[in-house]
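Peer 1: The structure under discussion is supplied below as structure tokens; questions concerning it will follow.
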Number of protein chains: 4
Amino acid sequence: MRQNLLHGGSQKLDYEIRDIVKKAEQLEKLGKKIYWENIGDPILKNADVPDWIKEIVSELVMDNKSYGYCHSKGIIETRKFLAEKNNEFEGVQINYDDILFFNGLGDAIGKLYQFLNPYSRVIGPSPAYSTHSAFEAAHSNKEPLTYNLDPDNNWYPDLDDLYLKVKYNPSIVGILVINPDNPTGVVYPESYLKRIVEIAKEFNLFVVSDEIYGNIIYNGNKTKRLSEVLGDVPGISLKGISKEVPWPGSRCGWMEFYNRKSDRNFDDYCLALENAKMVEVCCTTLPQRAIPRIFSHPKYHEYLKEKNESIASRSNIIGNHFKNIDYIKFNKTNGAFYNTIVFQDGVLNNNQFLKIEDDKTRELAESWVNGISKPDSRFVYYLLAAKGVCVVPLSSFQSNLLGFRITLLEENPEVLQYTFQQIAEAINEFCNSDKVMETEQVNLA
Amino acid sequence: MRQNLLHGGSQKLDYEIRDIVKKAEQLEKLGKKIYWENIGDPILKNADVPDWIKEIVSELVMDNKSYGYCHSKGIIETRKFLAEKNNEFEGVQINYDDILFFNGLGDAIGKLYQFLNPYSRVIGPSPAYSTHSAFEAAHSNKEPLTYNLDPDNNWYPDLDDLYLKVKYNPSIVGILVINPDNPTGVVYPESYLKRIVEIAKEFNLFVVSDEIYGNIIYNGNKTKRLSEVLGDVPGISLKGISKEVPWPGSRCGWMEFYNRKSDRNFDDYCLALENAKMVEVCCTTLPQRAIPRIFSHPKYHEYLKEKNESIASRSNIIGNHFKNIDYIKFNKTNGAFYNTIVFQDGVLNNNQFLKIEDDKTRELAESWVNGISKPDSRFVYYLLAAKGVCVVPLSSFQSNLLGFRITLLEENPEVLQYTFQQIAEAINEFCNSDKVMETEQVNLA
Amino acid sequence: MRQNLLHGGSQKLDYEIRDIVKKAEQLEKLGKKIYWENIGDPILKNADVPDWIKEIVSELVMDNKSYGYCHSKGIIETRKFLAEKNNEFEGVQINYDDILFFNGLGDAIGKLYQFLNPYSRVIGPSPAYSTHSAFEAAHSNKEPLTYNLDPDNNWYPDLDDLYLKVKYNPSIVGILVINPDNPTGVVYPESYLKRIVEIAKEFNLFVVSDEIYGNIIYNGNKTKRLSEVLGDVPGISLKGISKEVPWPGSRCGWMEFYNRKSDRNFDDYCLALENAKMVEVCCTTLPQRAIPRIFSHPKYHEYLKEKNESIASRSNIIGNHFKNIDYIKFNKTNGAFYNTIVFQDGVLNNNQFLKIEDDKTRELAESWVNGISKPDSRFVYYLLAAKGVCVVPLSSFQSNLLGFRITLLEENPEVLQYTFQQIAEAINEFCNSDKVMETEQVNLA
Amino acid sequence: MRQNLLHGGSQKLDYEIRDIVKKAEQLEKLGKKIYWENIGDPILKNADVPDWIKEIVSELVMDNKSYGYCHSKGIIETRKFLAEKNNEFEGVQINYDDILFFNGLGDAIGKLYQFLNPYSRVIGPSPAYSTHSAFEAAHSNKEPLTYNLDPDNNWYPDLDDLYLKVKYNPSIVGILVINPDNPTGVVYPESYLKRIVEIAKEFNLFVVSDEIYGNIIYNGNKTKRLSEVLGDVPGISLKGISKEVPWPGSRCGWMEFYNRKSDRNFDDYCLALENAKMVEVCCTTLPQRAIPRIFSHPKYHEYLKEKNESIASRSNIIGNHFKNIDYIKFNKTNGAFYNTIVFQDGVLNNNQFLKIEDDKTRELAESWVNGISKPDSRFVYYLLAAKGVCVVPLSSFQSNLLGFRITLLEENPEVLQYTFQQIAEAINEFCNSDKVMETEQVNLA
């Protein structure tokens, strides 16, 4: 090429989570059955889309209008419906002009950072959800800035860490909250949200709250939407239908802008996001047309309740598998449908392994771990090869902690029990493997 | 805010095409009926989605799989199907790994420029399709670079102009072709495409061909796909189902990468686009599942043929309205469904007007044209106010020519005739209005 | 112009210190005598260049060689001489290749920041010496990053503040020390320097030490050169002959690179500085030729001793004027030849003034303070207009403190006494002026 | 380091001209005498600084004022003197505020590009003087943009090439002229300068004219200063005392701003240059004080005349050595004191060599040319090793031509004759060496 084509930030888009998929696919080719615990796709994990939702959609696709372009900011009726939904809560009130649709939250998150000045940074939680951290890093061409979620305190954010990082780094202009959180499953208590808003106010920042899991909370937990705690601070919430309907393939999410007019620069930034979407013409029409019908359907609330109960029940089943393993820190999931398991300090090393009978599989696993510097990746690769369970190493989530992420989505109870029994056994075997080896070496000597 | 939030390039996203819509909406509030000739949405213009397509989609939405995520690059079966489609033609052969899905071409075009180095520029046609020119300008934070389409030569590109601009501007790394073109409706002859590829080869550039209208060609015109003329030059074609199915609301388009492995830097750039999409998880699942079924349906080719014949017939009807007006340059449309009408040099000035009886409407029109420096905008605003016909001024398309863009989409024959008769009359009245005025002034004197 | 000419960072070069000069020049035109306390130019303040130095220079200028280019990094003999000077001290040892000459430290400081990546920042002291802070801001196109010097602790640096700012701002790559300091006159104790080096080591930073006043220390104070405390941390010291010879008009300063080879990236950065100088061909030849002769002249040490004693004596005279004024914080100067006087919190307001008899002068002063938001500038402008003493407001030195900077250079004892008596009286009058006014208002009522 | 320290543009500062010096120094260590034809330092080439100049300087250094800072823009009296000098010519008139001093033209050129927006480019001549081309490349982080000087047309600029490059590259904001030119020695005819100004006017550019050799013109040639041909176009000339006094070691040059107030953006840019110098405090005082005394000294004009005659005489001597060599294109030098000799097309190849008796020297030469892709570098290295003559390859001057640069400075007539005889012989021997080899091979066969 005549000149270098690549934007500097593009090299930050490496998405380690996908590497594990390529490895699992190698095993599949060897005939191994894979238990996919690496992605939060309810459909893949045997969730049925309820018939009443399918009927709504089916009816809509017989109508020409569902095939046409819609308003560049999203269908006005749908935005009015959603503005009213927000306004039922005490807090920041909005109208339909404060809502902007995107082709899924991936698109929304991408543009959120793309149109931010490269010198202006948004600090987010660690462990991090990769879509946020990768796009923030690509926008700034720098490593993501993160505050810690604390596995020794229910994964609640370390607010002192956040405060100091914000205070002493003037390039930070926004704080990201994912509530409920992926990958930890933590539900932020109201008091934590209020303190975060207080920090934003002190340093003149905006707050972004990714609330894609906002209706997936259980085990008696409670939290607040951003709009309920924000006061007069500028903020953006991110919402969508991927997770709760569930319809991730629709690529349909939206931003709600709060207190947009309170700050000229923030208002211009929201306008830039709107303009960017206008240049793309518009977002997916069909799911936008479905939203009011689904959300106001008589069966919707019962459906959501059952769904949450079902995840809660799985959170308990999974908890039973893990709560007595000394090698790990385990916090029960209370929202969304992920759990992040952390190994205790000093438990892992680079000599541990799982026994694999099949030669080809073992050789493959050994080639994967050869030269790997992160011992949680080592565990994850062995788990995949030995047990066929595909999870994501925690070190892929912008975290210094060692561990892995699982999902709470498996709808088939036998598969669920089997999968987590395999993981629990694997942890014990792996953490003991070097001691056994030592013993064996002693015996051999 | 603590620091400036705005990315420098974001100010380039102003999308003048939408301004006219706001003006039309003001008129609607006054009770005026609007004839929307400003947007290429077949559905809006009374096109029916054929029943057999609705049936395919309807069947798909009863299947859980249509609701889940799909592969981050797009459904493998669909990509295999499309790769085979391309490979039926002589030219660059691809496999499914060379295809990357996006949420519509707006998304594809946005990312095409976003991940390009800001110093590396793509030159495109003028008049320009705004989605390309605005995103190119936002990526570079500079005015778009363009080569001329020549209204005195069937809107064919001015290849000497292109050659000189490429030769003497080392920041140019790619050439954009829109074939068939929006907004001119020109279909590039094969010889022109070959010369463009030759220029790209001489200066080590890649070629982008936006082929969203690739199957909408008529009046006996012929062209070639990029893959057929590209030889060993790196290239990208942009395709989708918005226009021909027609399903613009699906937000479903894709890139085909050609000769990707022939240049390391180009290959890395394609990888950056793939990674960006992976970070967003994936694109709309449902339309991807529908593509093979629609494209291989027995009724598809007949449907396309009828559709093209119907646009061709409208191109002739419209031609009859315009071909004898001396004030304009008119080139019949032979592809896509737009026509760009250019006023002859020196015809327009800032004293011309259309008569408007209603006082409120006239005052509104006068407030719009007050201080307007582009006389084609003046015509367009008067046309809107006096006749209710909403078209887009050509000066909004990165062009120094004066004129306006219309569509060939209206399916209702009476509305079609009425609309274009109104426009034709308006041109004559407008261009004569200052002479009349002079005459009147003479009479008054 | 065809495109915007201005580099973004150029707007950070506003140098407020010079504004006061323009005001003083306005007064001179009205016939007012000005006492220039705004600039550290010994020559201007009646310092004589000793005859033995003039003789050295006079002899050199009869030699053709003094007129030619020299080595692009500086005359090799001079660099060897200076490397040996450094190596007499215990600490980092260098050879002549580790020395790079510049056209004065202004040039050195400018290039230091110019060739630093714009995202990589150097934190420096506040109050700041403007040449550092302005060039750092221009390089980053951001506000300077600073750590506090504490007027309640002898102007020693607030090391906790520095530590937290470094720890939580990953863009910081270097720490700047000015020792002895301009504008506070503080001499850094060895323990403070060691802690700064420790912080640099913990976070993988380099240290820059501006030692232009390195031989101007008195009142029994002691410090260390950077090379003596640096250990194995990469560092750069900045030295020159402007202040001690004194020959500021020579534009002759140099960098000493320490532990250059310990870090590849630091080494490349030093090379970039060398290359930049090579492209400029070389630096001033004559003063470089003079350096070894002056520094090794038998009278040099005596001269330096006398000079320091003389500044020390002035520091005491000045101290006597200020030490008993309640309205200010006063720290005696122990190095360099500046003193920064800080007003106690809450002492200043926007109603205070100095009496000025002459109408024209008073009107001028009132026009200056009209709309001024910083009350130390208000004091400074009144001091200038009422007493003819030109000092620089502290708020011009990247500081939130209110106060002003004076110099210790005046060689004429009567002028010295007169100047500081004027300042001391002005402080008292100014701080009382609003109380008097209140009283007067009471009396009038 | 914690983050990358290097500014992207810093890698463009590689200054190939200096590489040859390192090679020559290697030879010196082997005992070889070097004839330095690589640098334009008159002092090095045995030029005497006239006694009357030394006396002026000697007198000045006995005065304290010559040691102090001066005005940040330069001594006012000197600037007034120089403004008057300019105003003696018909053309743009200036006052002392339009003059800004620098520490030599290297400093001036560096800042000229440093404070230019990185997207805004200045096109300059090729072959290029490296200080311009390297700093322009560093500012833009791109390859320099150049127009051709034509060796088949007396090295006059190719104005069509310039026009097309300017027209079709909108990032170009300025045109650089070096008149008389280094390295070609061409003196621009007035008509060429006027056409360049015309191009600048058409595209709204500014013109920079490097006139450091402005008084070194001979052989009956004539030209104009920029201010004489500029009309109302914004422009900057660069002047200094390095070359004509000659006092290159003084680092004393200046910019003259023309028509500064005719364009707001240009005015702001000039202000940014002034501010940058203000932040550095000021430039070298002593040579600025000397300028009016030297330039108005009764002996100055006679001195200049003799000096030019002497260079002219050398230009003829050198011409006699080269004019009859068929392998080269030779244009006699008419200004400045360089000549660039170009090999005829196809003359050079990678098998040519010069005979070197001494084994060590030959091995060194062979190690230098091993893997060298530019055959003019090959000639230059062999010339150095075989004859001890150090010249600079033309391919180091941003040129596609092959050749080398010599100087016209040698004051010693025997050395002059010897040096150029050596070069002439070397050209013939080198260009024949492969033919001889072929013959030898034939004989051996």
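Naming works like this for the structure tokens: A, B, ... for the chains as they're shown, residue 1 at the start of each chain, ligands 1 onward in shown order.
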If the cut-off is 12 Å, can you tell me the residues of chain D near chain B, counting only C-alpha atoms? I'd like them as number ranges by chain.
Peer 2: D: 118-121, 123, 140-147, 160-172
Peer 1: Tell me, as a count of residues only, which residues lie within 12 Å of Ile109 in chain D, counting only C-alpha atoms; anything in the same chain fewer than 6 positions away does not count.
Peer 2: 35
Peer 1: Which residues come within 9 Å of Ser395 in chain D, counting only C-alpha atoms, excluding same-chain residues fewer than 4 positions away, as a PDB file with C-alpha atoms, in the first residue's frame?
Peer 2:
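Final output, saved to around_35.pdb:
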```
ATOM      1  CA  PRO D 127      17.324  17.917  -4.233  1.00  0.00           C
ATOM      2  CA  LYS D 374      22.073   3.439  -4.097  1.00  0.00           C
ATOM      3  CA  ASP D 376      25.811   7.106  -5.931  1.00  0.00           C
ATOM      4  CA  SER D 377      26.544   6.191  -2.325  1.00  0.00           C
ATOM      5  CA  SER D 399      16.255  13.142  -4.733  1.00  0.00           C
ATOM      6  CA  ASN D 400      15.772  10.318  -7.196  1.00  0.00           C
ATOM      7  CA  LEU D 401      18.783  11.567  -9.148  1.00  0.00           C
ATOM      8  CA  LEU D 402      22.187   9.973  -8.601  1.00  0.00           C
ATOM      9  CA  GLY D 403      25.162  12.191  -7.971  1.00  0.00           C
ATOM     10  CA  PHE D 404      26.961  14.058  -5.218  1.00  0.00           C
TER      11      PHE D 404
END
```
Peer 1: How many Å separate CA of Gly214 in chain C from CA of Val177 in chain C?
Peer 2: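 Going from CA of Gly214 in chain C over to CA of Val177 in chain C, I get 11.8 Å.
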Peer 1: Please run DSSP on the backbone and report, as a ChimeraX atom specification, all residues within range 241-409 of chain A that come out as strand (DSSP E or B).
Peer 2: /A:253-258,328-329,335,338-343,389-390,392-393,403-407
Peer 1: Quick one: everything within 6 Å of range 305-320 of chain D, counting only C-alpha atoms, minus sequence neighbours fewer than 3 positions away in the same chain. Send it as a list of chain:residue names.
Peer 2: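 Answer for this query is D:Tyr218, D:Glu302, D:Lys323.
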Peer 1: Do a neighbour search on Leu409 in chain C at 7 Å with only C-alpha atoms, toss out local chain neighbours closer than 3 positions, and write the hits as a ChimeraX atom specification.
Peer 2: /C:42,45,337
